[in-house]
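Novice: my_file_35.cif (mmCIF, C-alpha atoms and all ligand atoms) pasted underneath:
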data_run
loop_
_atom_site.label_atom_id
_atom_site.label_comp_id
_atom_site.auth_asym_id
_atom_site.auth_seq_id
_atom_site.Cartn_x
_atom_site.Cartn_y
_atom_site.Cartn_z
CA MET A 94 -19.36 23.92 -20.13
CA THR A 95 -19.78 21.14 -22.65
CA ASP A 96 -22.53 18.61 -22.19
CA GLN A 97 -20.42 15.58 -21.33
CA THR A 98 -22.83 13.15 -22.96
CA SER A 99 -22.21 14.77 -26.34
CA GLN A 100 -18.51 13.94 -26.13
CA VAL A 101 -17.30 11.12 -28.34
CA GLY A 102 -13.57 11.59 -27.79
CA LYS A 103 -11.72 11.19 -24.51
CA ALA A 104 -9.39 13.61 -22.76
CA VAL A 105 -7.03 12.58 -19.99
CA PHE A 106 -5.62 15.28 -17.76
CA VAL A 107 -2.34 14.49 -15.98
CA GLY A 108 -2.07 16.61 -12.86
CA ASN A 109 -0.93 16.95 -9.29
CA ILE A 110 -0.28 20.04 -7.24
CA LYS A 111 2.87 18.24 -6.03
CA GLY A 112 5.89 18.54 -8.33
CA GLY A 113 8.28 15.85 -9.50
CA VAL A 114 5.84 12.94 -9.09
CA GLY A 115 6.19 11.74 -12.70
CA LYS A 116 3.42 13.61 -14.51
CA SER A 117 5.50 14.35 -17.62
CA THR A 118 7.22 10.96 -17.68
CA ILE A 119 3.87 9.15 -17.53
CA ALA A 120 2.23 11.57 -20.01
CA VAL A 121 4.87 11.02 -22.71
CA TYR A 122 5.26 7.25 -22.37
CA LEU A 123 1.51 6.73 -22.15
CA THR A 124 0.94 8.90 -25.24
CA ASP A 125 3.64 7.06 -27.18
CA TYR A 126 2.31 3.66 -26.06
CA LEU A 127 -1.27 4.52 -27.05
CA ARG A 128 -0.13 5.91 -30.41
CA GLN A 129 1.46 2.56 -31.16
CA ARG A 130 -1.56 0.70 -29.84
CA PHE A 131 -4.09 2.75 -31.86
CA ALA A 132 -2.22 3.80 -34.98
CA GLU A 133 -5.48 4.80 -36.70
CA ARG A 134 -6.79 7.09 -33.95
CA SER A 135 -5.94 10.72 -33.48
CA ILE A 136 -3.99 10.96 -30.26
CA MET A 137 -2.78 14.38 -29.20
CA MET A 138 -0.52 15.44 -26.35
CA ILE A 139 -0.82 18.98 -25.03
CA ASP A 140 1.83 20.32 -22.65
CA THR A 141 0.64 23.30 -20.59
CA ASP A 142 3.66 23.37 -18.25
CA PRO A 143 5.79 26.47 -19.03
CA GLN A 144 8.86 24.23 -18.45
CA GLY A 145 7.74 22.26 -21.52
CA SER A 146 9.56 19.04 -20.60
CA ALA A 147 6.90 16.71 -21.99
CA PHE A 148 6.75 18.67 -25.25
CA GLU A 149 10.54 18.64 -25.53
CA MET A 150 10.64 14.87 -25.09
CA LEU A 151 7.77 13.90 -27.37
CA GLU A 152 8.09 16.51 -30.12
CA PRO A 153 10.87 14.68 -32.06
CA HIS A 154 8.62 11.59 -32.03
CA SER A 155 5.50 13.40 -33.24
CA ASN A 156 4.26 14.52 -36.63
CA GLY A 157 3.70 18.13 -35.64
CA SER A 158 -0.09 18.29 -35.65
CA ASP A 159 -0.47 15.77 -32.83
CA ILE A 160 1.47 17.74 -30.23
CA LYS A 161 0.96 21.22 -28.78
CA PHE A 162 2.87 23.43 -26.36
CA LEU A 163 0.47 25.90 -24.75
CA PRO A 164 2.11 27.17 -21.57
CA VAL A 165 -0.28 28.39 -18.89
CA GLY A 166 1.16 30.06 -15.85
CA ASP A 167 2.43 33.49 -16.91
CA ARG A 168 0.59 36.71 -17.68
CA TYR A 169 -0.19 35.62 -21.26
CA ASP A 170 -2.35 32.80 -19.89
CA GLY A 171 -5.61 34.11 -21.32
CA VAL A 172 -4.76 33.46 -24.96
CA ASN A 173 -3.41 29.96 -24.36
CA VAL A 174 -6.32 28.99 -22.12
CA THR A 175 -8.74 30.03 -24.88
CA THR A 176 -6.71 28.13 -27.51
CA LEU A 177 -6.53 25.11 -25.24
CA ASP A 178 -10.25 25.21 -24.62
CA GLY A 179 -10.90 25.30 -28.38
CA ILE A 180 -8.53 22.43 -29.18
CA LEU A 181 -9.88 20.30 -26.34
CA ARG A 182 -13.50 20.81 -27.38
CA ARG A 183 -12.63 20.08 -31.04
CA MET A 184 -10.82 16.88 -30.03
CA LEU A 185 -13.68 15.83 -27.73
CA ALA A 186 -16.13 16.18 -30.60
CA GLU A 187 -13.98 13.90 -32.78
CA ASP A 188 -14.89 10.22 -32.81
CA ASN A 189 -12.31 7.94 -31.12
CA SER A 190 -9.88 10.77 -30.41
CA LEU A 191 -7.69 10.78 -27.34
CA THR A 192 -6.09 13.87 -25.85
CA ILE A 193 -3.52 13.74 -23.07
CA VAL A 194 -2.85 16.99 -21.23
CA ASP A 195 0.34 17.36 -19.15
CA THR A 196 0.39 20.15 -16.58
CA GLY A 197 2.88 21.78 -14.27
CA ALA A 198 2.95 21.53 -10.49
CA GLY A 199 1.41 24.08 -8.14
CA LYS A 200 -1.93 25.85 -7.98
CA MET A 201 -4.00 25.11 -11.06
CA GLY A 202 -5.70 28.49 -11.47
CA ASP A 203 -7.07 28.91 -15.00
CA ILE A 204 -6.27 25.31 -15.87
CA TRP A 205 -9.11 24.03 -13.65
CA GLN A 206 -11.62 24.73 -16.39
CA MET A 207 -9.61 22.44 -18.71
CA ALA A 208 -9.44 19.74 -16.05
CA MET A 209 -13.20 19.81 -15.64
CA LEU A 210 -13.68 19.26 -19.40
CA CYS A 211 -11.62 16.07 -19.26
CA ASN A 212 -13.07 12.62 -18.82
CA THR A 213 -10.25 11.38 -16.61
CA MET A 214 -7.63 12.85 -14.33
CA ILE A 215 -4.44 10.85 -13.90
CA VAL A 216 -2.69 11.69 -10.64
CA PRO A 217 0.77 10.16 -10.15
CA THR A 218 2.27 10.00 -6.66
CA SER A 219 5.04 8.21 -4.83
CA MET A 220 4.15 6.17 -1.75
CA SER A 221 5.89 8.64 0.57
CA TRP A 222 3.75 10.89 2.76
CA THR A 223 5.50 14.01 1.46
CA ASP A 224 3.81 13.28 -1.88
CA LEU A 225 0.73 11.43 -0.61
CA ARG A 226 -0.53 14.18 1.71
CA PRO A 227 -0.71 16.95 -0.94
CA THR A 228 -2.00 14.37 -3.45
CA ILE A 229 -4.97 13.46 -1.23
CA ASP A 230 -5.70 17.18 -0.62
CA PHE A 231 -5.56 17.75 -4.37
CA ILE A 232 -8.05 14.92 -5.04
CA LYS A 233 -10.35 16.35 -2.32
CA GLU A 234 -10.37 19.60 -4.28
CA ILE A 235 -11.32 17.70 -7.47
CA ASP A 236 -14.12 15.95 -5.53
CA GLU A 237 -15.41 19.32 -4.32
CA ARG A 238 -15.44 20.76 -7.83
CA LYS A 239 -17.26 17.72 -9.19
CA ALA A 240 -19.83 18.06 -6.39
CA ASP A 241 -20.24 21.79 -7.19
CA PHE A 242 -20.87 21.05 -10.87
CA GLY A 243 -22.96 17.94 -10.18
CA ARG A 244 -20.53 15.90 -12.27
CA ILE A 245 -19.19 12.36 -12.25
CA THR A 246 -16.16 13.39 -14.31
CA PRO A 247 -13.21 13.74 -14.34
CA HIS A 248 -12.74 10.23 -12.98
CA VAL A 249 -9.62 10.19 -10.84
CA ILE A 250 -7.01 7.48 -11.40
CA VAL A 251 -4.04 7.50 -9.02
CA ILE A 252 -0.82 5.99 -10.32
CA PRO A 253 1.66 4.81 -7.71
CA ASN A 254 4.96 5.92 -9.30
CA ARG A 255 8.58 5.32 -8.37
CA THR A 256 7.58 2.46 -6.12
CA SER A 257 10.24 0.09 -4.91
CA PRO A 258 10.66 -2.61 -7.61
CA SER A 259 10.06 -5.25 -4.90
CA GLN A 260 6.95 -3.54 -3.48
CA ARG A 261 3.88 -5.80 -3.30
CA ASN A 262 1.82 -4.06 -0.63
CA PHE A 263 -0.11 -0.92 -1.56
CA ASN A 264 -2.28 -0.72 1.57
CA VAL A 265 -0.90 2.67 2.59
CA LEU A 266 -2.11 4.16 -0.65
CA SER A 267 -5.42 2.31 -0.85
CA GLU A 268 -6.20 3.35 2.73
CA ALA A 269 -5.36 6.99 1.98
CA LEU A 270 -7.66 6.79 -1.05
CA GLN A 271 -10.63 5.76 1.14
CA GLU A 272 -11.07 9.45 1.91
CA VAL A 273 -11.54 10.40 -1.72
CA ASN A 274 -13.23 9.30 -4.92
CA ALA A 275 -10.42 7.66 -6.87
CA ILE A 276 -9.24 4.33 -8.19
CA MET A 277 -5.69 3.00 -8.19
CA ALA A 278 -3.89 2.02 -11.38
CA PRO A 279 -1.12 -0.58 -11.63
CA PRO A 280 2.16 0.86 -10.27
CA ILE A 281 5.26 2.06 -12.07
CA SER A 282 8.49 1.15 -10.30
CA ASP A 283 11.50 3.34 -9.75
CA LEU A 284 13.57 2.20 -12.69
CA SER A 285 16.60 3.62 -14.49
CA ALA A 286 14.89 3.17 -17.88
CA ALA A 287 12.29 5.76 -16.76
CA ARG A 288 14.92 8.32 -15.93
CA SER A 289 15.75 9.24 -19.53
CA ARG A 290 15.93 13.03 -19.90
CA SER A 291 14.56 14.96 -22.85
CA ALA A 292 17.68 14.66 -25.02
CA SER A 293 17.86 10.89 -24.63
CA PHE A 294 14.12 10.18 -24.78
CA GLY A 295 13.62 7.53 -27.46
CA GLY A 296 9.93 6.82 -26.98
CA ILE A 297 8.33 3.55 -25.93
CA LYS A 298 10.35 1.58 -28.55
CA ALA A 299 13.63 2.55 -26.92
CA VAL A 300 12.70 0.83 -23.66
CA GLU A 301 11.45 -2.39 -25.29
CA GLY A 302 12.43 -5.50 -23.35
CA SER A 303 12.79 -3.61 -20.08
CA ARG A 304 10.63 -3.97 -16.99
CA PHE A 305 9.62 -0.33 -17.47
CA HIS A 306 8.14 -1.21 -20.88
CA THR A 307 6.11 -4.04 -19.33
CA GLU A 308 4.79 -1.69 -16.65
CA ILE A 309 3.89 1.09 -19.12
CA GLU A 310 2.13 -1.51 -21.27
CA ARG A 311 0.17 -2.75 -18.23
CA LEU A 312 -0.77 0.82 -17.33
CA GLY A 313 -1.68 1.58 -20.95
CA GLU A 314 -3.98 -1.46 -21.11
CA PHE A 315 -5.58 -0.38 -17.82
CA ILE A 316 -6.32 3.02 -19.41
CA VAL A 317 -7.69 1.25 -22.51
CA ASP A 318 -9.96 -0.99 -20.40
CA TYR A 319 -11.27 1.71 -18.06
CA VAL A 320 -11.04 5.02 -19.92
CA VAL A 321 -10.92 4.45 -23.69
CA SER A 322 -13.64 1.77 -23.51
CA GLY A 323 -15.90 4.05 -21.42
CA GLU A 324 -16.05 1.49 -18.59
CA LEU A 325 -15.53 4.11 -15.85
CA ASP A 326 -18.41 6.19 -17.24
CA ARG A 327 -20.64 3.11 -17.06
CA ILE A 328 -19.51 2.24 -13.50
CA TYR A 329 -20.15 5.76 -12.20
CA GLN A 330 -23.45 6.24 -14.02
CA GLN A 331 -24.95 3.35 -12.07
N1 LIG B 401 9.20 5.50 -12.51
C1 LIG B 401 10.28 6.28 -12.47
N2 LIG B 401 11.51 5.74 -12.24
C2 LIG B 401 12.60 6.50 -12.19
N3 LIG B 401 12.61 7.82 -12.37
C3 LIG B 401 11.43 8.42 -12.60
C4 LIG B 401 10.20 7.70 -12.66
N4 LIG B 401 9.20 8.57 -12.91
C5 LIG B 401 9.76 9.78 -12.99
N5 LIG B 401 11.10 9.71 -12.81
C6 LIG B 401 12.07 10.82 -12.79
O1 LIG B 401 11.66 11.71 -11.76
C7 LIG B 401 11.86 13.06 -12.17
C8 LIG B 401 10.53 13.81 -12.12
O2 LIG B 401 9.66 13.24 -13.10
P1 LIG B 401 8.73 14.16 -14.01
O3 LIG B 401 9.48 15.28 -14.59
O4 LIG B 401 8.02 13.24 -14.93
O5 LIG B 401 7.76 14.70 -12.87
P2 LIG B 401 6.67 15.85 -13.00
O6 LIG B 401 5.58 15.50 -12.05
O7 LIG B 401 6.30 16.06 -14.41
O8 LIG B 401 7.48 17.11 -12.46
P3 LIG B 401 7.02 18.65 -12.57
O9 LIG B 401 6.05 18.84 -11.44
O10 LIG B 401 8.29 19.40 -12.39
O11 LIG B 401 6.37 18.84 -13.90
C9 LIG B 401 12.46 13.00 -13.57
O12 LIG B 401 13.87 13.09 -13.46
C10 LIG B 401 12.05 11.62 -14.08
O13 LIG B 401 12.97 11.11 -15.01
MG MG B 402 6.28 17.78 -15.58
#
Please render this file's structure as structure tokens.
Ligand SMILES: Nc1ncnc2c1ncn2[C@@H]1O[C@H](COP(=O)(O)OP(=O)(O)OP(=O)(O)O)[C@@H](O)[C@H]1O
Ligand SMILES: [Mg+2]
Specialist:
Amino acid sequence: MTDQTSQVGKAVFVGNIKGGVGKSTIAVYLTDYLRQRFAERSIMMIDTDPQGSAFEMLEPHSNGSDIKFLPVGDRYDGVNVTTLDGILRRMLAEDNSLTIVDTGAGKMGDIWQMAMLCNTMIVPTSMSWTDLRPTIDFIKEIDERKADFGRITPHVIVIPNRTSPSQRNFNVLSEALQEVNAIMAPPISDLSAARSRSASFGGIKAVEGSRFHTEIERLGEFIVDYVVSGELDRIYQQ
């Protein structure tokens, strides 16, 4: 495993054992937002989900070298895991780089080693218990792995997704998070602008002026303040 202190780039892993919680949606919009925000930085998105939905959406909006599709989950895993490991370590060694890794639902298997290399784990969930229960169990597993490795990373950031647009009270989620080591990011509402499927995905520009854009921007700035700036590392080192 890499010595985390030698890392100058940041990698953000988007995961949840629960499917359909918005991992790919958040991964692509966040990547596109941050690419606009930091035009001079190298920002890569890696899709490891064999379904490849994030890759399919973002690929037409990428230059080719800043996006990778490395499916993990079939019997050819070994090669892609090794490739992934190499790319991630190369990106982490690059000053000011940012890598966003989207993953499929279900047991993580070989992908755990990638997760543990990342600085941050973004875990989207709805506020319903059908999503919350497996989400909390998933974060407990991350906590156990961090304890096993004697690590403070990956920092876990939970994103309430598909919340009711009128929702103001997030007590249910913050109470559930008391059991685990995680912080809560600003929510993303259930909005039609977020529902764009691969064919119609037009990037962050296409949703300009919408509430969804405002919320992605708020989330993006939260990631800038806490992850890109290294603030979470400082908080947890104390
Ligand atoms: N904030 C939102 N508002 C409305 N629809 C959303 C929102 N977030 C995600 N969706 C929709 O919910 C569905 C599932 O989202 P997405 O594919 O991003 O989830 P996922 O966690 O990546 O799923 P999987 O586990 O299959 O990879 C998609 O149809 C997506 O368009
Ligand atoms: Mg997905």
Novice: If we count all atoms listed in the file and set the cut-off at 6 Å, which residues sit around segment 136-151 of chain A, ignoring sequence neighbours fewer than 6 positions away in its own chain? Please answer as JSON, numbers by chain.
Specialist: {"A": [117, 159, 160, 161, 162, 163, 164, 165, 190, 191, 192, 193, 194, 195, 196, 197, 291, 294]}
Novice: Please indicate the distance in Å from atom CA of Gly157 of chain A to atom CA of Leu127 of chain A, rounded to one decimal place.
Specialist: 16.8 Å
Novice: Name the closest residue to ligand MG 402 (chain B) among the candidates A:Ala286, A:Leu325, A:Val114, A:Val101; distances are taken between atoms, counting all atoms listed in the file.
Specialist: A:Val114
Novice: Suppose you want the space between atom CA of Pro279 of chain A and atom CA of Met220 of chain A; what is it in Å?
Specialist: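 Here the two named atoms are 13.1 Å from each other.
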Novice: Counting all atoms listed in the file, figure out which residue out of A:Met201, A:Ile215, A:Met209, A:Ala186 gets nearest to Ile119 of chain A.
Specialist: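 The answer is A:Ile215, which sits nearest to Ile119 of chain A.
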Novice: At a cut-off of 6 Å around ligand LIG 401 (chain B), and using all atoms listed in the file, what residues come up? Please write them as number ranges by chain.
Specialist: A: 112-118, 197-198, 254-255, 281-285, 287-289
Novice: Got time to write the residues from that selection, C-alpha atoms, as a PDB file, keeping the file's coordinate frame?
Specialist:
ATOM      1  CA  GLY A 112       5.890  18.540  -8.330  1.00  0.00           C
ATOM      2  CA  GLY A 113       8.280  15.850  -9.500  1.00  0.00           C
ATOM      3  CA  VAL A 114       5.840  12.940  -9.090  1.00  0.00           C
ATOM      4  CA  GLY A 115       6.190  11.740 -12.700  1.00  0.00           C
ATOM      5  CA  LYS A 116       3.420  13.610 -14.510  1.00  0.00           C
ATOM      6  CA  SER A 117       5.500  14.350 -17.620  1.00  0.00           C
ATOM      7  CA  THR A 118       7.220  10.960 -17.680  1.00  0.00           C
ATOM      8  CA  GLY A 197       2.880  21.780 -14.270  1.00  0.00           C
ATOM      9  CA  ALA A 198       2.950  21.530 -10.490  1.00  0.00           C
ATOM     10  CA  ASN A 254       4.960   5.920  -9.300  1.00  0.00           C
ATOM     11  CA  ARG A 255       8.580   5.320  -8.370  1.00  0.00           C
ATOM     12  CA  ILE A 281       5.260   2.060 -12.070  1.00  0.00           C
ATOM     13  CA  SER A 282       8.490   1.150 -10.300  1.00  0.00           C
ATOM     14  CA  ASP A 283      11.500   3.340  -9.750  1.00  0.00           C
ATOM     15  CA  LEU A 284      13.570   2.200 -12.690  1.00  0.00           C
ATOM     16  CA  SER A 285      16.600   3.620 -14.490  1.00  0.00           C
ATOM     17  CA  ALA A 287      12.290   5.760 -16.760  1.00  0.00           C
ATOM     18  CA  ARG A 288      14.920   8.320 -15.930  1.00  0.00           C
ATOM     19  CA  SER A 289      15.750   9.240 -19.530  1.00  0.00           C
TER      20      SER A 289
END
Novice: Of the residues A:Val174, A:Val216, A:Leu225, A:Ile245, which is the one nearest to Ala120 of chain A, using only C-alpha atoms?
Specialist: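 Going through A:Val174, A:Val216, A:Leu225, A:Ile245 one by one, the smallest distance to Ala120 of chain A is for A:Val216.
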Novice: Using only C-alpha atoms and all ligand atoms for the distances, tell me which of A:Leu185, A:Leu270, A:Ala208, A:Val121 is nearest to ligand MG 402 (chain B).
Specialist: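 Result for the nearest residue to ligand MG 402 (chain B): A:Val121.
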Novice: If we count only C-alpha atoms and set the cut-off at 10 Å, which residues sit around Glu310 of chain A, ignoring sequence neighbours fewer than 4 positions away in its own chain? Please answer as a PDB file with C-alpha atoms, in the coordinates of the input.
Specialist:
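Writing the result to part-v7.pdb gives the following:
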ATOM      1  CA  TYR A 122       5.260   7.250 -22.370  1.00  0.00           C
ATOM      2  CA  LEU A 123       1.510   6.730 -22.150  1.00  0.00           C
ATOM      3  CA  TYR A 126       2.310   3.660 -26.060  1.00  0.00           C
ATOM      4  CA  LEU A 127      -1.270   4.520 -27.050  1.00  0.00           C
ATOM      5  CA  ARG A 130      -1.560   0.700 -29.840  1.00  0.00           C
ATOM      6  CA  ILE A 297       8.330   3.550 -25.930  1.00  0.00           C
ATOM      7  CA  ARG A 304      10.630  -3.970 -16.990  1.00  0.00           C
ATOM      8  CA  PHE A 305       9.620  -0.330 -17.470  1.00  0.00           C
ATOM      9  CA  HIS A 306       8.140  -1.210 -20.880  1.00  0.00           C
ATOM     10  CA  GLU A 314      -3.980  -1.460 -21.110  1.00  0.00           C
ATOM     11  CA  PHE A 315      -5.580  -0.380 -17.820  1.00  0.00           C
ATOM     12  CA  ILE A 316      -6.320   3.020 -19.410  1.00  0.00           C
TER      13      ILE A 316
END
Novice: Measuring between only C-alpha atoms and all ligand atoms, which one of A:Pro217, A:Gly302, A:Gly102, A:Gly171 shows the shortest distance to ligand MG 402 (chain B)?
Specialist: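 Once distances to ligand MG 402 (chain B) are computed over only C-alpha atoms and all ligand atoms, the minimum belongs to A:Pro217.
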Novice: From the set A:Cys211, A:Ile309, A:Val105, A:Ile252, which residue has the shortest atom-to-atom contact distance to Thr228 of chain A, counting all atoms listed in the file?
Specialist: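 Among A:Cys211, A:Ile309, A:Val105, A:Ile252, it is A:Ile252 that comes nearest to Thr228 of chain A.
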Novice: How would segment 261-284 of chain A look with N, CA, C and O atoms restored, written as a tab-separated table (two decimals), in the coordinates of the input?
Specialist:
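Produced file selection27.tsv, reproduced below:
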chain	number	residue	atom	x	y	z
A	261	ARG	N	5.07	-5.00	-2.98
A	261	ARG	CA	3.88	-5.80	-3.30
A	261	ARG	C	2.65	-5.24	-2.58
A	261	ARG	O	1.53	-5.53	-2.94
A	262	ASN	N	2.90	-4.49	-1.51
A	262	ASN	CA	1.82	-4.06	-0.63
A	262	ASN	C	1.51	-2.57	-0.85
A	262	ASN	O	2.37	-1.72	-0.63
A	263	PHE	N	0.28	-2.31	-1.28
A	263	PHE	CA	-0.11	-0.92	-1.56
A	263	PHE	C	-1.19	-0.43	-0.60
A	263	PHE	O	-1.94	0.48	-0.91
A	264	ASN	N	-1.24	-1.07	0.59
A	264	ASN	CA	-2.28	-0.72	1.57
A	264	ASN	C	-2.24	0.74	2.00
A	264	ASN	O	-3.29	1.35	2.19
A	265	VAL	N	-1.03	1.28	2.16
A	265	VAL	CA	-0.90	2.67	2.59
A	265	VAL	C	-1.66	3.58	1.63
A	265	VAL	O	-2.44	4.44	2.04
A	266	LEU	N	-1.45	3.34	0.36
A	266	LEU	CA	-2.11	4.16	-0.65
A	266	LEU	C	-3.61	3.88	-0.72
A	266	LEU	O	-4.42	4.81	-0.72
A	267	SER	N	-3.98	2.60	-0.73
A	267	SER	CA	-5.42	2.31	-0.85
A	267	SER	C	-6.18	2.82	0.37
A	267	SER	O	-7.32	3.26	0.25
A	268	GLU	N	-5.54	2.79	1.55
A	268	GLU	CA	-6.20	3.35	2.73
A	268	GLU	C	-6.34	4.86	2.63
A	268	GLU	O	-7.39	5.42	2.96
A	269	ALA	N	-5.31	5.52	2.15
A	269	ALA	CA	-5.36	6.99	1.98
A	269	ALA	C	-6.46	7.36	0.98
A	269	ALA	O	-7.13	8.39	1.12
A	270	LEU	N	-6.67	6.50	0.00
A	270	LEU	CA	-7.66	6.79	-1.05
A	270	LEU	C	-9.11	6.57	-0.59
A	270	LEU	O	-10.05	6.96	-1.29
A	271	GLN	N	-9.27	5.95	0.60
A	271	GLN	CA	-10.63	5.76	1.14
A	271	GLN	C	-11.33	7.10	1.35
A	271	GLN	O	-12.55	7.18	1.32
A	272	GLU	N	-10.53	8.12	1.61
A	272	GLU	CA	-11.07	9.45	1.91
A	272	GLU	C	-11.60	10.17	0.68
A	272	GLU	O	-12.26	11.19	0.81
A	273	VAL	N	-11.21	9.68	-0.50
A	273	VAL	CA	-11.54	10.40	-1.72
A	273	VAL	C	-12.16	9.47	-2.77
A	273	VAL	O	-12.17	8.25	-2.59
A	274	ASN	N	-12.63	10.06	-3.85
A	274	ASN	CA	-13.23	9.30	-4.92
A	274	ASN	C	-12.20	9.06	-6.02
A	274	ASN	O	-12.01	9.89	-6.91
A	275	ALA	N	-11.49	7.93	-5.91
A	275	ALA	CA	-10.42	7.66	-6.87
A	275	ALA	C	-10.17	6.17	-6.95
A	275	ALA	O	-10.46	5.44	-6.01
A	276	ILE	N	-9.66	5.72	-8.08
A	276	ILE	CA	-9.24	4.33	-8.19
A	276	ILE	C	-7.74	4.29	-8.41
A	276	ILE	O	-7.13	5.28	-8.83
A	277	MET	N	-7.14	3.13	-8.10
A	277	MET	CA	-5.69	3.00	-8.19
A	277	MET	C	-5.31	2.18	-9.42
A	277	MET	O	-5.86	1.12	-9.65
A	278	ALA	N	-4.37	2.71	-10.19
A	278	ALA	CA	-3.89	2.02	-11.38
A	278	ALA	C	-2.70	1.14	-11.01
A	278	ALA	O	-2.13	1.29	-9.92
A	279	PRO	N	-2.31	0.22	-11.90
A	279	PRO	CA	-1.12	-0.58	-11.63
A	279	PRO	C	0.11	0.33	-11.47
A	279	PRO	O	0.19	1.35	-12.15
A	280	PRO	N	1.02	-0.02	-10.58
A	280	PRO	CA	2.16	0.86	-10.27
A	280	PRO	C	3.26	0.89	-11.34
A	280	PRO	O	3.36	-0.01	-12.16
A	281	ILE	N	4.03	1.94	-11.27
A	281	ILE	CA	5.26	2.06	-12.07
A	281	ILE	C	6.42	2.11	-11.08
A	281	ILE	O	6.44	2.96	-10.18
A	282	SER	N	7.36	1.21	-11.23
A	282	SER	CA	8.49	1.15	-10.30
A	282	SER	C	9.52	2.23	-10.56
A	282	SER	O	9.52	2.85	-11.63
A	283	ASP	N	10.37	2.42	-9.57
A	283	ASP	CA	11.50	3.34	-9.75
A	283	ASP	C	12.57	2.59	-10.54
A	283	ASP	O	13.21	1.69	-10.03
A	284	LEU	N	12.68	2.94	-11.80
A	284	LEU	CA	13.57	2.20	-12.69
A	284	LEU	C	14.44	3.16	-13.50
A	284	LEU	O	13.98	4.23	-13.90
